[in-house]
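**Student:** File follows, coords_9.pdb with PDB, C-alpha atoms:
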```
ATOM      1  CA  MET A   1     128.891 190.706  -2.693  1.00  0.00           C
ATOM      2  CA  SER A   2     132.531 191.687  -2.644  1.00  0.00           C
ATOM      3  CA  ARG A   3     135.094 190.108  -4.944  1.00  0.00           C
ATOM      4  CA  GLU A   4     138.621 189.667  -3.759  1.00  0.00           C
ATOM      5  CA  ILE A   5     141.138 190.918  -6.293  1.00  0.00           C
ATOM      6  CA  LEU A   6     144.459 189.207  -6.624  1.00  0.00           C
ATOM      7  CA  GLN A   7     147.227 191.710  -6.112  1.00  0.00           C
ATOM      8  CA  TYR A   8     150.542 190.781  -7.651  1.00  0.00           C
ATOM      9  CA  GLU A   9     153.288 192.165  -9.779  1.00  0.00           C
ATOM     10  CA  LYS A  10     153.088 190.662 -13.246  1.00  0.00           C
ATOM     11  CA  PRO A  11     156.370 188.858 -14.028  1.00  0.00           C
ATOM     12  CA  LYS A  12     158.349 190.364 -16.880  1.00  0.00           C
ATOM     13  CA  TYR A  13     158.211 187.086 -18.823  1.00  0.00           C
ATOM     14  CA  VAL A  14     154.395 187.085 -19.179  1.00  0.00           C
ATOM     15  CA  PRO A  15     154.422 189.098 -22.444  1.00  0.00           C
ATOM     16  CA  VAL A  16     157.025 186.663 -23.805  1.00  0.00           C
ATOM     17  CA  LEU A  17     154.780 183.712 -22.886  1.00  0.00           C
ATOM     18  CA  ARG A  18     151.866 185.357 -24.666  1.00  0.00           C
ATOM     19  CA  GLU A  19     153.957 185.883 -27.821  1.00  0.00           C
ATOM     20  CA  LEU A  20     155.316 182.327 -27.747  1.00  0.00           C
ATOM     21  CA  VAL A  21     151.838 180.833 -27.433  1.00  0.00           C
ATOM     22  CA  THR A  22     150.511 183.058 -30.215  1.00  0.00           C
ATOM     23  CA  VAL A  23     153.401 182.157 -32.533  1.00  0.00           C
ATOM     24  CA  VAL A  24     152.956 178.436 -31.872  1.00  0.00           C
ATOM     25  CA  GLN A  25     149.193 178.629 -32.479  1.00  0.00           C
ATOM     26  CA  ARG A  26     149.602 180.550 -35.721  1.00  0.00           C
ATOM     27  CA  PHE A  27     152.389 178.313 -36.973  1.00  0.00           C
ATOM     28  CA  GLU A  28     150.388 175.170 -36.182  1.00  0.00           C
ATOM     29  CA  LYS A  29     147.391 176.517 -38.115  1.00  0.00           C
ATOM     30  CA  PHE A  30     149.531 177.681 -41.060  1.00  0.00           C
ATOM     31  CA  SER A  31     151.401 174.381 -41.117  1.00  0.00           C
ATOM     32  CA  ALA A  32     148.448 172.028 -40.523  1.00  0.00           C
ATOM     33  CA  ASP A  33     146.357 173.635 -43.272  1.00  0.00           C
ATOM     34  CA  HIS A  34     149.127 172.943 -45.802  1.00  0.00           C
ATOM     35  CA  ILE A  35     149.838 169.439 -44.499  1.00  0.00           C
ATOM     36  CA  LEU A  36     146.183 168.537 -45.070  1.00  0.00           C
ATOM     37  CA  THR A  37     146.582 169.490 -48.738  1.00  0.00           C
ATOM     38  CA  LEU A  38     149.439 166.956 -48.890  1.00  0.00           C
ATOM     39  CA  GLY A  39     147.074 164.245 -47.661  1.00  0.00           C
ATOM     40  CA  TYR A  40     148.234 163.899 -44.058  1.00  0.00           C
ATOM     41  CA  THR A  41     147.399 164.967 -40.542  1.00  0.00           C
ATOM     42  CA  ALA A  42     149.997 167.005 -38.676  1.00  0.00           C
ATOM     43  CA  PRO A  43     151.101 164.014 -36.514  1.00  0.00           C
ATOM     44  CA  GLN A  44     151.413 161.768 -39.597  1.00  0.00           C
ATOM     45  CA  PHE A  45     153.496 164.382 -41.378  1.00  0.00           C
ATOM     46  CA  ASP A  46     155.593 164.892 -38.248  1.00  0.00           C
ATOM     47  CA  ILE A  47     156.475 161.192 -38.145  1.00  0.00           C
ATOM     48  CA  ILE A  48     157.272 161.028 -41.868  1.00  0.00           C
ATOM     49  CA  ALA A  49     159.413 164.174 -41.635  1.00  0.00           C
ATOM     50  CA  THR A  50     161.209 162.945 -38.509  1.00  0.00           C
ATOM     51  CA  LEU A  51     161.957 159.491 -39.935  1.00  0.00           C
ATOM     52  CA  GLY A  52     163.089 160.829 -43.319  1.00  0.00           C
ATOM     53  CA  ASN A  53     166.815 160.437 -44.008  1.00  0.00           C
ATOM     54  CA  THR A  54     167.248 158.167 -40.961  1.00  0.00           C
ATOM     55  CA  ASP A  55     167.578 154.431 -40.399  1.00  0.00           C
ATOM     56  CA  GLY A  56     164.538 154.624 -38.145  1.00  0.00           C
ATOM     57  CA  MET A  57     163.973 155.270 -34.460  1.00  0.00           C
ATOM     58  CA  THR A  58     162.563 153.557 -31.426  1.00  0.00           C
ATOM     59  CA  PHE A  59     159.117 154.621 -30.285  1.00  0.00           C
ATOM     60  CA  LYS A  60     160.762 156.447 -27.378  1.00  0.00           C
ATOM     61  CA  GLU A  61     163.073 158.426 -29.689  1.00  0.00           C
ATOM     62  CA  LEU A  62     160.247 159.153 -32.101  1.00  0.00           C
ATOM     63  CA  GLY A  63     158.004 160.341 -29.280  1.00  0.00           C
ATOM     64  CA  TYR A  64     160.730 162.620 -27.960  1.00  0.00           C
ATOM     65  CA  LYS A  65     161.572 164.131 -31.337  1.00  0.00           C
ATOM     66  CA  THR A  66     157.963 164.613 -32.422  1.00  0.00           C
ATOM     67  CA  LEU A  67     156.463 165.450 -29.023  1.00  0.00           C
ATOM     68  CA  ILE A  68     153.576 163.096 -29.836  1.00  0.00           C
ATOM     69  CA  THR A  69     152.347 161.272 -26.732  1.00  0.00           C
ATOM     70  CA  LYS A  70     152.904 157.510 -26.538  1.00  0.00           C
ATOM     71  CA  GLY A  71     149.225 156.618 -26.864  1.00  0.00           C
ATOM     72  CA  THR A  72     148.732 158.865 -29.871  1.00  0.00           C
ATOM     73  CA  LEU A  73     152.051 157.818 -31.423  1.00  0.00           C
ATOM     74  CA  THR A  74     151.073 154.142 -31.544  1.00  0.00           C
ATOM     75  CA  GLY A  75     147.814 154.930 -33.360  1.00  0.00           C
ATOM     76  CA  VAL A  76     149.491 157.245 -35.868  1.00  0.00           C
ATOM     77  CA  VAL A  77     152.202 154.660 -36.592  1.00  0.00           C
ATOM     78  CA  ASP A  78     149.466 152.013 -36.997  1.00  0.00           C
ATOM     79  CA  ARG A  79     147.729 154.173 -39.631  1.00  0.00           C
ATOM     80  CA  LEU A  80     150.979 154.929 -41.470  1.00  0.00           C
ATOM     81  CA  GLU A  81     151.854 151.233 -41.397  1.00  0.00           C
ATOM     82  CA  ALA A  82     148.423 150.369 -42.851  1.00  0.00           C
ATOM     83  CA  LYS A  83     149.192 152.783 -45.724  1.00  0.00           C
ATOM     84  CA  GLY A  84     152.526 151.020 -46.288  1.00  0.00           C
ATOM     85  CA  LEU A  85     154.586 154.079 -45.327  1.00  0.00           C
ATOM     86  CA  VAL A  86     156.346 152.747 -42.213  1.00  0.00           C
ATOM     87  CA  LYS A  87     157.319 149.358 -40.852  1.00  0.00           C
ATOM     88  CA  ARG A  88     158.159 148.078 -37.401  1.00  0.00           C
ATOM     89  CA  ILE A  89     161.419 146.208 -36.927  1.00  0.00           C
ATOM     90  CA  SER A  90     162.084 144.160 -33.791  1.00  0.00           C
ATOM     91  CA  VAL A  91     165.459 144.630 -32.138  1.00  0.00           C
ATOM     92  CA  ALA A  92     167.060 141.209 -31.663  1.00  0.00           C
ATOM     93  CA  GLU A  93     169.110 142.259 -28.614  1.00  0.00           C
ATOM     94  CA  ASP A  94     166.094 143.727 -26.794  1.00  0.00           C
ATOM     95  CA  ALA A  95     162.640 142.281 -27.467  1.00  0.00           C
ATOM     96  CA  ARG A  96     161.051 145.305 -25.775  1.00  0.00           C
ATOM     97  CA  LYS A  97     162.446 147.683 -28.408  1.00  0.00           C
ATOM     98  CA  THR A  98     160.917 148.259 -31.803  1.00  0.00           C
ATOM     99  CA  ILE A  99     162.369 150.451 -34.515  1.00  0.00           C
ATOM    100  CA  VAL A 100     159.976 152.406 -36.730  1.00  0.00           C
ATOM    101  CA  ARG A 101     161.389 152.999 -40.205  1.00  0.00           C
ATOM    102  CA  LEU A 102     160.050 154.454 -43.436  1.00  0.00           C
ATOM    103  CA  THR A 103     159.401 151.905 -46.181  1.00  0.00           C
ATOM    104  CA  ALA A 104     160.489 152.596 -49.764  1.00  0.00           C
ATOM    105  CA  LYS A 105     157.008 154.033 -50.327  1.00  0.00           C
ATOM    106  CA  GLY A 106     157.418 156.139 -47.171  1.00  0.00           C
ATOM    107  CA  GLU A 107     160.774 157.460 -48.385  1.00  0.00           C
ATOM    108  CA  LYS A 108     159.128 158.513 -51.664  1.00  0.00           C
ATOM    109  CA  GLU A 109     156.439 160.320 -49.686  1.00  0.00           C
ATOM    110  CA  PHE A 110     159.086 162.038 -47.544  1.00  0.00           C
ATOM    111  CA  ILE A 111     160.802 163.239 -50.731  1.00  0.00           C
ATOM    112  CA  ARG A 112     157.454 164.514 -52.033  1.00  0.00           C
ATOM    113  CA  VAL A 113     156.030 166.204 -48.936  1.00  0.00           C
ATOM    114  CA  PHE A 114     158.989 167.473 -46.901  1.00  0.00           C
ATOM    115  CA  PRO A 115     160.469 169.864 -49.496  1.00  0.00           C
ATOM    116  CA  ALA A 116     156.944 171.004 -50.428  1.00  0.00           C
ATOM    117  CA  HIS A 117     156.243 171.911 -46.813  1.00  0.00           C
ATOM    118  CA  LEU A 118     159.575 173.673 -46.379  1.00  0.00           C
ATOM    119  CA  GLU A 119     158.739 175.723 -49.461  1.00  0.00           C
ATOM    120  CA  HIS A 120     155.331 176.550 -47.954  1.00  0.00           C
ATOM    121  CA  CYS A 121     157.022 177.757 -44.739  1.00  0.00           C
ATOM    122  CA  ARG A 122     159.521 179.827 -46.712  1.00  0.00           C
ATOM    123  CA  VAL A 123     156.754 182.388 -47.366  1.00  0.00           C
ATOM    124  CA  VAL A 124     156.826 183.370 -43.699  1.00  0.00           C
ATOM    125  CA  PHE A 125     160.526 183.009 -42.957  1.00  0.00           C
ATOM    126  CA  ASP A 126     161.581 184.941 -46.066  1.00  0.00           C
ATOM    127  CA  ARG A 127     159.851 187.953 -44.501  1.00  0.00           C
ATOM    128  CA  LEU A 128     162.562 188.012 -41.816  1.00  0.00           C
ATOM    129  CA  CYS A 129     166.071 189.283 -42.362  1.00  0.00           C
ATOM    130  CA  PRO A 130     168.975 186.845 -41.873  1.00  0.00           C
ATOM    131  CA  MET A 131     170.069 188.580 -38.654  1.00  0.00           C
ATOM    132  CA  THR A 132     166.578 188.208 -37.174  1.00  0.00           C
ATOM    133  CA  LEU A 133     166.470 184.518 -38.102  1.00  0.00           C
ATOM    134  CA  ALA A 134     169.871 183.939 -36.510  1.00  0.00           C
ATOM    135  CA  ARG A 135     168.838 185.805 -33.349  1.00  0.00           C
ATOM    136  CA  LEU A 136     165.534 183.909 -33.103  1.00  0.00           C
ATOM    137  CA  GLY A 137     167.347 180.596 -33.525  1.00  0.00           C
ATOM    138  CA  HIS A 138     169.839 181.499 -30.813  1.00  0.00           C
ATOM    139  CA  ASP A 139     167.158 182.744 -28.420  1.00  0.00           C
ATOM    140  CA  ALA A 140     164.931 179.701 -29.024  1.00  0.00           C
ATOM    141  CA  ARG A 141     167.855 177.337 -28.282  1.00  0.00           C
ATOM    142  CA  GLU A 142     168.678 179.271 -25.119  1.00  0.00           C
ATOM    143  CA  LEU A 143     165.064 179.043 -23.904  1.00  0.00           C
ATOM    144  CA  ARG A 144     164.883 175.334 -24.838  1.00  0.00           C
ATOM    145  CA  ASP A 145     168.098 174.683 -22.901  1.00  0.00           C
ATOM    146  CA  ALA A 146     166.692 176.476 -19.839  1.00  0.00           C
ATOM    147  CA  PHE A 147     163.628 174.208 -19.921  1.00  0.00           C
ATOM    148  CA  GLU A 148     165.713 171.096 -20.500  1.00  0.00           C
ATOM    149  CA  GLY A 149     167.827 171.956 -17.472  1.00  0.00           C
ATOM    150  CA  ILE A 150     164.713 172.067 -15.309  1.00  0.00           C
ATOM    151  CA  ILE A 151     163.130 168.985 -16.887  1.00  0.00           C
ATOM    152  CA  CYS A 152     166.311 166.941 -16.491  1.00  0.00           C
ATOM    153  CA  GLU A 153     166.706 168.087 -12.880  1.00  0.00           C
ATOM    154  CA  SER A 154     163.174 166.927 -12.043  1.00  0.00           C
ATOM    155  CA  GLY A 155     163.848 163.512 -13.568  1.00  0.00           C
ATOM    156  CA  ASP A 156     161.332 163.838 -16.421  1.00  0.00           C
ATOM    157  CA  ASP A 157     163.261 162.901 -19.549  1.00  0.00           C
TER     158      ASP A 157
END
```
Before we go any further, please render this structure as structure tokens.
**Tutor:**
Amino acid sequence: MSREILQYEKPKYVPVLRELVTVVQRFEKFSADHILTLGYTAPQFDIIATLGNTDGMTFKELGYKTLITKGTLTGVVDRLEAKGLVKRISVAEDARKTIVRLTAKGEKEFIRVFPAHLEHCRVVFDRLCPMTLARLGHDARELRDAFEGIICESGDD
């Protein structure tokens, strides 16, 4: 039995994709392990961190900023609301819109967990020199902008 072998020239961006995926996987593990010690799941922490120091956001804005899917977002907000950390506020001008905002208890949690997690992440980022951090930030924004150009052109926003 003969197997057909795909012949192609590997695109130059494949090693970059591999590194990006590896970095994201390792960061998610490093981050999620610490977030659990704070008493939250990664999506719960993401919502608390995103809503901190804001007047709240619509579900659409929150979904976009956290990258949590709509179905998952509703359940996570439900659980945070049950804990008294967030509240839903109806928008008078548009009954279809709901703002999600941290409660006073949620703000206290944001003040407790967000700086603690930033300090946890510092261990990794302090290993990089300032020039490397600046370059990585620039390159990440450039790559993000390239994707956003394609996403916006296809109508998926």
**Student:** I'd like the interatomic distance between CA of Met57 (chain A) and CA of Leu118 (chain A), to a tenth of an Å.
**Tutor:** 22.4 Å
**Student:** Which one is closest to Ala104 (chain A): A:Ala92, A:Leu133, A:Ile48, A:Leu128? Count all atoms listed in the file.
**Tutor:**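 Once distances to Ala104 (chain A) are computed over all atoms listed in the file, the minimum belongs to A:Ile48.
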**Student:** Kindly indicate which residue among A:Lys60, A:Gly39, A:Gln25, A:Arg3 lies nearest to Arg112 (chain A), using only C-alpha atoms for the distances.
**Tutor:**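 Closest to Arg112 (chain A), using only C-alpha atoms: A:Gly39.
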**Student:** Nearest to Thr58 (chain A): which of A:Asp139, A:Gly71, A:Thr37, A:Val100 is it, counting all atoms listed in the file?
**Tutor:**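 The closest residue to Thr58 (chain A) is A:Val100.
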**Student:** Select, from A:Phe59, A:Phe110, A:Tyr64, A:Phe147, the residue with the minimum atom-to-atom distance to Val77 (chain A), counting only C-alpha atoms.
**Tutor:**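 Checking each of A:Phe59, A:Phe110, A:Tyr64, A:Phe147 against Val77 (chain A), counting only C-alpha atoms, the winner is A:Phe59.
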**Student:** For CA of Leu80 (chain A) and CA of Val23 (chain A), determine how far apart the two atoms are, in Å to one decimal place.
**Tutor:** 28.8 Å
**Student:** What is the distance, in Å and to one decimal place, between CA of Arg88 (chain A) and CA of Leu102 (chain A)?
**Tutor:**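 Computed distance, CA of Arg88 (chain A) to CA of Leu102 (chain A), equals 9.0 Å.
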**Student:** Could you write out as JSON, numbers by chain the residues that the PyMOL selection byres ((chain A and resi 30) around 12) matches in the shown file?
**Tutor:** {"A": [23, 24, 25, 26, 27, 28, 29, 31, 32, 33, 34, 35, 36, 37, 42, 117, 120, 121, 122, 123, 124]}
**Student:** List the residues matched by the PyMOL selection byres ((chain A and resi 86) around 6) in the displayed structure as a ChimeraX atom specification, ordered by chain and then by residue number.
**Tutor:** /A:80-81,84-85,87,101-103
